[in-house]
$ cat data.cif   # mmCIF, C-alpha atoms
data_structure
loop_
_atom_site.group_PDB
_atom_site.id
_atom_site.type_symbol
_atom_site.label_atom_id
_atom_site.label_comp_id
_atom_site.auth_asym_id
_atom_site.auth_seq_id
_atom_site.Cartn_x
_atom_site.Cartn_y
_atom_site.Cartn_z
ATOM 1 C CA PHE A 1 22.150 -27.707 51.269
ATOM 2 C CA VAL A 2 21.120 -24.383 52.765
ATOM 3 C CA ASN A 3 22.192 -20.843 51.745
ATOM 4 C CA ALA A 4 23.460 -21.738 48.274
ATOM 5 C CA TRP A 5 23.464 -18.018 47.491
ATOM 6 C CA LYS A 6 26.566 -17.573 49.634
ATOM 7 C CA GLY A 7 28.655 -19.747 47.327
ATOM 8 C CA ASP A 8 27.225 -19.174 43.863
ATOM 9 C CA ARG A 9 26.596 -15.937 41.959
ATOM 10 C CA LEU A 10 23.700 -17.349 39.938
ATOM 11 C CA PHE A 11 21.898 -18.585 43.064
ATOM 12 C CA SER A 12 22.637 -15.248 44.712
ATOM 13 C CA SER A 13 21.110 -13.321 41.816
ATOM 14 C CA VAL A 14 17.914 -15.383 42.035
ATOM 15 C CA VAL A 15 17.652 -15.307 45.833
ATOM 16 C CA HIS A 16 18.218 -11.536 45.909
ATOM 17 C CA SER A 17 16.035 -10.694 42.899
ATOM 18 C CA GLU A 18 13.845 -7.700 43.734
ATOM 19 C CA ALA A 19 11.473 -8.595 40.884
ATOM 20 C CA LEU A 20 11.020 -12.132 42.219
ATOM 21 C CA ALA A 21 10.449 -10.821 45.755
ATOM 22 C CA ALA A 22 7.843 -8.362 44.457
ATOM 23 C CA TRP A 23 6.091 -11.132 42.516
ATOM 24 C CA VAL A 24 5.936 -13.434 45.570
ATOM 25 C CA ALA A 25 4.714 -10.553 47.765
ATOM 26 C CA ASP A 26 1.978 -9.801 45.241
ATOM 27 C CA LEU A 27 0.894 -13.462 45.119
ATOM 28 C CA ALA A 28 0.887 -13.697 48.907
ATOM 29 C CA GLY A 29 -0.973 -10.416 49.340
ATOM 30 C CA TRP A 30 1.852 -8.791 51.283
ATOM 31 C CA PRO A 31 1.830 -5.036 50.550
ATOM 32 C CA GLU A 32 5.044 -4.529 52.554
ATOM 33 C CA GLY A 33 6.987 -6.943 50.329
ATOM 34 C CA ALA A 34 8.705 -10.280 50.858
ATOM 35 C CA GLU A 35 12.120 -11.350 52.004
ATOM 36 C CA VAL A 36 13.946 -14.657 51.873
ATOM 37 C CA LEU A 37 13.991 -16.610 55.108
ATOM 38 C CA GLN A 38 16.090 -19.422 53.672
ATOM 39 C CA ASP A 39 17.208 -20.826 50.351
ATOM 40 C CA GLN A 40 17.751 -24.532 50.001
ATOM 41 C CA VAL A 41 18.900 -26.925 47.276
ATOM 42 C CA TRP A 42 17.302 -30.382 47.190
ATOM 43 C CA SER A 43 18.955 -33.114 45.177
ATOM 44 C CA LYS A 44 17.217 -36.361 44.253
ATOM 45 C CA PRO A 45 19.893 -38.667 42.807
ATOM 46 C CA PRO A 46 18.872 -41.857 40.959
ATOM 47 C CA ARG A 47 17.061 -44.360 43.200
ATOM 48 C CA SER A 48 16.973 -41.904 46.108
ATOM 49 C CA GLY A 49 14.217 -42.182 48.656
ATOM 50 C CA PRO A 50 11.169 -40.050 49.333
ATOM 51 C CA ILE A 51 10.833 -36.829 51.284
ATOM 52 C CA ALA A 52 8.063 -37.219 53.845
ATOM 53 C CA PHE A 53 4.910 -35.124 53.639
ATOM 54 C CA HIS A 54 5.054 -32.115 55.917
ATOM 55 C CA ARG A 55 3.991 -28.465 56.243
ATOM 56 C CA ASP A 56 6.583 -25.681 56.071
ATOM 57 C CA THR A 57 4.900 -23.811 58.934
ATOM 58 C CA ALA A 58 6.144 -26.570 61.251
ATOM 59 C CA TYR A 59 9.711 -25.520 60.509
ATOM 60 C CA MET A 60 9.469 -21.826 59.644
ATOM 61 C CA GLY A 61 6.397 -20.507 61.461
ATOM 62 C CA GLU A 62 3.085 -19.051 60.304
ATOM 63 C CA GLY A 63 2.818 -16.726 57.348
ATOM 64 C CA VAL A 64 5.483 -18.381 55.214
ATOM 65 C CA VAL A 65 5.219 -18.894 51.462
ATOM 66 C CA THR A 66 7.555 -21.212 49.590
ATOM 67 C CA LEU A 67 8.785 -20.524 46.066
ATOM 68 C CA TRP A 68 10.198 -23.659 44.481
ATOM 69 C CA LEU A 69 12.224 -23.626 41.247
ATOM 70 C CA SER A 70 13.256 -26.734 39.329
ATOM 71 C CA LEU A 71 16.792 -27.153 38.031
ATOM 72 C CA ASP A 72 15.744 -30.118 35.829
ATOM 73 C CA ASN A 73 12.901 -31.105 33.527
ATOM 74 C CA LEU A 74 10.638 -33.073 35.839
ATOM 75 C CA GLU A 75 8.904 -36.353 35.102
ATOM 76 C CA SER A 76 6.867 -38.601 37.400
ATOM 77 C CA ASN A 77 9.638 -41.189 37.789
ATOM 78 C CA LEU A 78 12.040 -38.579 39.223
ATOM 79 C CA GLY A 79 10.080 -38.301 42.479
ATOM 80 C CA PRO A 80 8.964 -34.685 41.968
ATOM 81 C CA LEU A 81 7.350 -32.373 44.488
ATOM 82 C CA GLU A 82 3.752 -33.355 45.268
ATOM 83 C CA TYR A 83 0.987 -31.349 46.910
ATOM 84 C CA ALA A 84 -2.128 -32.521 48.705
ATOM 85 C CA ARG A 85 -4.710 -30.474 46.817
ATOM 86 C CA GLY A 86 -6.519 -27.970 49.044
ATOM 87 C CA SER A 87 -4.584 -28.954 52.190
ATOM 88 C CA HIS A 88 -3.719 -25.310 52.909
ATOM 89 C CA LEU A 89 -7.415 -24.941 53.839
ATOM 90 C CA TRP A 90 -7.507 -27.881 56.254
ATOM 91 C CA PRO A 91 -7.808 -27.092 59.953
ATOM 92 C CA PRO A 92 -4.449 -27.155 61.690
ATOM 93 C CA PRO A 93 -3.522 -30.620 62.954
ATOM 94 C CA PRO A 94 -3.340 -31.142 66.714
ATOM 95 C CA TYR A 95 0.424 -31.208 66.207
ATOM 96 C CA GLU A 96 2.660 -28.970 64.072
ATOM 97 C CA GLY A 97 2.794 -30.907 60.803
ATOM 98 C CA TYR A 98 6.403 -31.737 61.467
ATOM 99 C CA ALA A 99 7.737 -34.988 59.956
ATOM 100 C CA PRO A 100 9.999 -36.718 62.501
ATOM 101 C CA SER A 101 12.152 -38.016 59.635
ATOM 102 C CA LEU A 102 12.044 -36.239 56.263
ATOM 103 C CA PHE A 103 14.360 -38.621 54.412
ATOM 104 C CA GLY A 104 14.321 -42.335 53.630
ATOM 105 C CA LYS A 105 11.108 -42.988 55.469
ATOM 106 C CA LYS A 106 9.173 -46.042 54.320
ATOM 107 C CA ASP A 107 5.846 -44.559 55.357
ATOM 108 C CA TRP A 108 6.420 -41.092 53.937
ATOM 109 C CA HIS A 109 2.650 -40.414 53.782
ATOM 110 C CA ALA A 110 2.143 -41.051 57.531
ATOM 111 C CA GLU A 111 1.866 -37.416 58.692
ATOM 112 C CA LEU A 112 -0.296 -36.494 55.692
ATOM 113 C CA ASP A 113 -2.640 -39.413 56.415
ATOM 114 C CA LYS A 114 -2.972 -38.344 60.064
ATOM 115 C CA ALA A 115 -3.729 -34.751 59.051
ATOM 116 C CA ALA A 116 -6.276 -35.892 56.452
ATOM 117 C CA ALA A 117 -8.027 -38.149 58.977
ATOM 118 C CA HIS A 118 -8.116 -35.249 61.464
ATOM 119 C CA CYS A 119 -10.237 -33.244 59.019
ATOM 120 C CA GLY A 120 -12.366 -36.139 57.758
ATOM 121 C CA LYS A 121 -10.546 -36.805 54.490
ATOM 122 C CA THR A 122 -10.038 -40.435 53.544
ATOM 123 C CA LYS A 123 -7.612 -40.066 50.656
ATOM 124 C CA PRO A 124 -6.222 -36.659 49.722
ATOM 125 C CA GLU A 125 -5.732 -35.915 46.032
ATOM 126 C CA LEU A 126 -2.022 -35.648 45.302
ATOM 127 C CA VAL A 127 -0.767 -33.407 42.508
ATOM 128 C CA GLN A 128 2.745 -33.778 41.118
ATOM 129 C CA VAL A 129 4.590 -30.637 40.038
ATOM 130 C CA LEU A 130 5.808 -31.595 36.558
ATOM 131 C CA VAL A 131 7.538 -28.566 35.084
ATOM 132 C CA PRO A 132 10.410 -27.920 32.702
ATOM 133 C CA ARG A 133 13.799 -26.780 34.002
ATOM 134 C CA GLY A 134 13.346 -23.234 35.282
ATOM 135 C CA GLY A 135 9.672 -23.799 36.070
ATOM 136 C CA GLY A 136 8.391 -23.970 39.594
ATOM 137 C CA SER A 137 5.571 -23.458 42.010
ATOM 138 C CA VAL A 138 4.532 -21.340 44.971
ATOM 139 C CA HIS A 139 2.752 -22.736 47.990
ATOM 140 C CA ASP A 140 1.326 -21.548 51.279
ATOM 141 C CA GLY A 141 3.293 -22.843 54.281
ATOM 142 C CA ARG A 142 0.203 -24.711 55.474
ATOM 143 C CA THR A 143 0.187 -26.914 52.356
ATOM 144 C CA TRP A 144 1.031 -30.581 52.886
ATOM 145 C CA HIS A 145 3.753 -31.626 50.447
ATOM 146 C CA GLY A 146 6.485 -34.199 49.936
ATOM 147 C CA SER A 147 8.019 -36.206 47.126
ATOM 148 C CA GLY A 148 8.293 -39.845 46.129
ATOM 149 C CA VAL A 149 11.183 -42.102 45.254
ATOM 150 C CA ASN A 150 13.341 -41.262 42.246
ATOM 151 C CA THR A 151 12.940 -44.531 40.357
ATOM 152 C CA SER A 152 14.874 -43.258 37.327
ATOM 153 C CA SER A 153 18.498 -43.745 36.406
ATOM 154 C CA ARG A 154 19.045 -39.986 36.328
#
$ encode --input "data.cif" --output "structure tokens"
Amino acid sequence: FVNAWKGDRLFSSVVHSEALAAWVADLAGWPEGAEVLQDQVWSKPPRSGPIAFHRDTAYMGEGVVTLWLSLDNLESNLGPLEYARGSHLWPPPPYEGYAPSLFGKKDWHAELDKAAAHCGKTKPELVQVLVPRGGGSVHDGRTWHGSGVNTSSR
């Protein structure tokens, strides 16, 4: 769900953290600072499907950076966030990088494969984000990312 900060004090304290905003701005090279465009909670219940590969710029525009924080200890079988290594440097696809269906898609790599072919890549290297609860990652909005099926019972 979107805008969790409006209903939870802990989420609000994280979303409105000046220290976190300053850290993201520093990473992104933004001397004027950073502000939150949107907060979002993703839940991957047991046996839930994948989230299709996409680029955040397709949804939020150019110049966006995503900070992702995990609420659980992540393992491969949970269907964690995955990045296509170096895809933030690929030329823009002839389309936005929008996935027509983010959820439950059988061919959840389809848009990534098209983008890779567009820049002469045959098989992009995928990197899973396996972090402990409270860990996370930061990615450029041009980065292709998605997540696989949660094959676990948790």
$ residues_around --input "data.cif" --residues "Tyr95 of chain A" --least-positions-apart "4" --cutoff "12 Å" --atoms "all atoms listed in the file" --output "NGL selection string"
:A and (54-55 or 57-58 or 91 or 99-100 or 111-112 or 114-115 or 118)
$ closest_residue --input "data.cif" --among "A:Val149, A:Ala4, A:Met60, A:Val65" --to "Ala34 of chain A" --atoms "all atoms listed in the file"
A:Val65
$ closest_residue --input "data.cif" --among "A:Pro124, A:Pro45, A:Gly7, A:Pro132" --to "Tyr83 of chain A" --atoms "all atoms listed in the file"
A:Pro124
$ closest_residue --input "data.cif" --among "A:Leu10, A:Val2, A:Ile51, A:Val129" --to "Ser101 of chain A" --atoms "all atoms listed in the file"
A:Ile51
$ atom_distance --input "data.cif" --atom1 "atom CA of Asp72 of chain A" --atom2 "atom CA of Leu37 of chain A"
23.6 Å
$ resolve_selection --input "data.cif" --expression "the PyMOL selection byres ((chain A and resi 66) around 8)" --output "short mmCIF file (atom, residue, chain, number, x, y, z; two decimals) with C-alpha atoms, in the frame of the given file"
data_model
loop_
_atom_site.label_atom_id
_atom_site.label_comp_id
_atom_site.auth_asym_id
_atom_site.auth_seq_id
_atom_site.Cartn_x
_atom_site.Cartn_y
_atom_site.Cartn_z
CA ASP A 56 6.58 -25.68 56.07
CA VAL A 64 5.48 -18.38 55.21
CA VAL A 65 5.22 -18.89 51.46
CA LEU A 67 8.78 -20.52 46.07
CA TRP A 68 10.20 -23.66 44.48
CA VAL A 138 4.53 -21.34 44.97
CA HIS A 139 2.75 -22.74 47.99
CA ASP A 140 1.33 -21.55 51.28
CA GLY A 141 3.29 -22.84 54.28
#
$ closest_residue --input "data.cif" --among "A:Gly120, A:Gly29, A:Pro93, A:Pro80" --to "Asn150 of chain A" --atoms "all atoms listed in the file"
A:Pro80
$ closest_residue --input "data.cif" --among "A:Ser12, A:Ser147, A:Gln128, A:Ser17" --to "Lys105 of chain A" --atoms "only C-alpha atoms"
A:Ser147
$ atom_distance --input "data.cif" --atom1 "atom CA of Pro50 of chain A" --atom2 "atom CA of Phe103 of chain A"
6.2 Å
$ closest_residue --input "data.cif" --among "A:Arg47, A:His145, A:Lys106, A:Arg133" --to "Ala84 of chain A" --atoms "only C-alpha atoms"
A:His145
$ resolve_selection --input "data.cif" --expression "the PyMOL selection byres ((chain A and resi 3) around 7)" --output "list in words"
Phe1, Val2, Ala4, Trp5, Lys6, Gln38, Asp39 and Gln40 of chain A
$ axis_aligned_box --input "data.cif" --around "segment 113-117 of chain A" --padding-each-side "8 Å" --output "JSON"
{"center_x": -5.3, "center_y": -37.1, "center_z": 58.2, "size_x": 21.4, "size_y": 20.7, "size_z": 19.6}
$ residues_around --input "data.cif" --residues "Ser152 of chain A" --least-positions-apart "4" --cutoff "8 Å" --atoms "all atoms listed in the file" --output "list in words"
Pro46, Arg47, Asn77 and Leu78 of chain A
$ write_last_selection --input "data.cif" --atoms "C-alpha atoms" --output "PDB file, in the frame of the given file"
ATOM      1  CA  PRO A  46      18.872 -41.857  40.959  1.00  0.00           C
ATOM      2  CA  ARG A  47      17.061 -44.360  43.200  1.00  0.00           C
ATOM      3  CA  ASN A  77       9.638 -41.189  37.789  1.00  0.00           C
ATOM      4  CA  LEU A  78      12.040 -38.579  39.223  1.00  0.00           C
TER       5      LEU A  78
END
$ atom_distance --input "data.cif" --atom1 "atom CA of Ser48 of chain A" --atom2 "atom CA of Thr151 of chain A"
7.5 Å
$ residues_around --input "data.cif" --residues "Ser70 of chain A" --least-positions-apart "4" --cutoff "6 Å" --atoms "all atoms listed in the file" --output "ChimeraX atom specification"
/A:133-136
$ resolve_selection --input "data.cif" --expression "the PyMOL selection byres ((chain A and resi 90) around 9)" --output "list in words"
Gly86, Ser87, His88, Leu89, Pro91, Pro92, Pro93, Ala115, Ala116, Cys119, Arg142 and Thr143 of chain A
$ decode --input "data.cif" --residues "segment 20-93 of chain A" --atoms "C-alpha atoms" --output "mmCIF file, in the first residue's frame"
data_model
loop_
_atom_site.group_PDB
_atom_site.id
_atom_site.type_symbol
_atom_site.label_atom_id
_atom_site.label_comp_id
_atom_site.auth_asym_id
_atom_site.auth_seq_id
_atom_site.Cartn_x
_atom_site.Cartn_y
_atom_site.Cartn_z
ATOM 1 C CA LEU A 20 17.894 9.696 5.846
ATOM 2 C CA ALA A 21 16.955 12.406 3.333
ATOM 3 C CA ALA A 22 20.414 13.969 3.677
ATOM 4 C CA TRP A 23 22.075 10.578 3.176
ATOM 5 C CA VAL A 24 20.056 9.843 0.009
ATOM 6 C CA ALA A 25 20.747 13.357 -1.328
ATOM 7 C CA ASP A 26 24.462 12.845 -0.731
ATOM 8 C CA LEU A 27 24.425 9.470 -2.521
ATOM 9 C CA ALA A 28 22.477 10.919 -5.439
ATOM 10 C CA GLY A 29 24.680 14.000 -5.682
ATOM 11 C CA TRP A 30 21.824 16.396 -4.972
ATOM 12 C CA PRO A 31 23.225 19.447 -3.138
ATOM 13 C CA GLU A 32 19.716 20.877 -2.639
ATOM 14 C CA GLY A 33 18.573 17.791 -0.709
ATOM 15 C CA ALA A 34 15.991 15.076 -1.286
ATOM 16 C CA GLU A 35 12.318 14.719 -0.577
ATOM 17 C CA VAL A 36 9.985 11.745 -0.588
ATOM 18 C CA LEU A 37 7.805 11.409 -3.656
ATOM 19 C CA GLN A 38 6.033 8.316 -2.366
ATOM 20 C CA ASP A 39 6.389 5.632 0.266
ATOM 21 C CA GLN A 40 5.114 2.166 -0.447
ATOM 22 C CA VAL A 41 4.880 -1.144 1.414
ATOM 23 C CA TRP A 42 5.303 -4.334 -0.623
ATOM 24 C CA SER A 43 4.207 -7.622 0.874
ATOM 25 C CA LYS A 44 5.221 -10.996 -0.543
ATOM 26 C CA PRO A 45 3.114 -13.621 1.257
ATOM 27 C CA PRO A 46 4.014 -17.327 0.957
ATOM 28 C CA ARG A 47 3.709 -18.648 -2.611
ATOM 29 C CA SER A 48 2.996 -15.170 -3.986
ATOM 30 C CA GLY A 49 3.919 -14.385 -7.549
ATOM 31 C CA PRO A 50 6.667 -12.265 -9.045
ATOM 32 C CA ILE A 51 6.842 -8.526 -9.581
ATOM 33 C CA ALA A 52 7.740 -7.836 -13.200
ATOM 34 C CA PHE A 53 11.005 -6.138 -14.109
ATOM 35 C CA HIS A 54 10.565 -2.433 -14.689
ATOM 36 C CA ARG A 55 12.265 0.958 -14.273
ATOM 37 C CA ASP A 56 10.971 3.460 -11.713
ATOM 38 C CA THR A 57 11.434 6.345 -14.160
ATOM 39 C CA ALA A 58 8.507 4.919 -16.143
ATOM 40 C CA TYR A 59 6.224 5.643 -13.203
ATOM 41 C CA MET A 60 7.855 8.576 -11.415
ATOM 42 C CA GLY A 61 9.834 10.465 -14.059
ATOM 43 C CA GLU A 62 13.533 11.168 -14.568
ATOM 44 C CA GLY A 63 15.856 11.954 -11.704
ATOM 45 C CA VAL A 64 14.279 9.611 -9.170
ATOM 46 C CA VAL A 65 16.229 7.498 -6.692
ATOM 47 C CA THR A 66 14.612 4.665 -4.770
ATOM 48 C CA LEU A 67 15.543 3.776 -1.200
ATOM 49 C CA TRP A 68 14.323 0.307 -0.298
ATOM 50 C CA LEU A 69 14.277 -1.020 3.279
ATOM 51 C CA SER A 70 13.543 -4.622 4.224
ATOM 52 C CA LEU A 71 11.166 -5.462 7.054
ATOM 53 C CA ASP A 72 12.325 -9.122 7.081
ATOM 54 C CA ASN A 73 15.547 -11.102 6.850
ATOM 55 C CA LEU A 74 15.724 -11.924 3.157
ATOM 56 C CA GLU A 75 16.632 -15.245 1.591
ATOM 57 C CA SER A 76 16.554 -16.319 -2.059
ATOM 58 C CA ASN A 77 13.379 -18.391 -1.675
ATOM 59 C CA LEU A 78 11.392 -15.346 -0.483
ATOM 60 C CA GLY A 79 11.457 -13.728 -3.932
ATOM 61 C CA PRO A 80 13.609 -10.737 -2.933
ATOM 62 C CA LEU A 81 14.306 -7.604 -4.932
ATOM 63 C CA GLU A 82 16.614 -8.251 -7.894
ATOM 64 C CA TYR A 83 18.614 -5.812 -9.995
ATOM 65 C CA ALA A 84 19.966 -6.171 -13.508
ATOM 66 C CA ARG A 85 23.587 -5.236 -12.851
ATOM 67 C CA GLY A 86 24.644 -2.064 -14.676
ATOM 68 C CA SER A 87 21.215 -1.513 -16.272
ATOM 69 C CA HIS A 88 21.129 2.102 -15.059
ATOM 70 C CA LEU A 89 23.809 2.731 -17.721
ATOM 71 C CA TRP A 90 21.884 1.144 -20.596
ATOM 72 C CA PRO A 91 20.501 3.465 -23.259
ATOM 73 C CA PRO A 92 16.851 4.270 -22.677
ATOM 74 C CA PRO A 93 14.520 1.738 -24.295
#
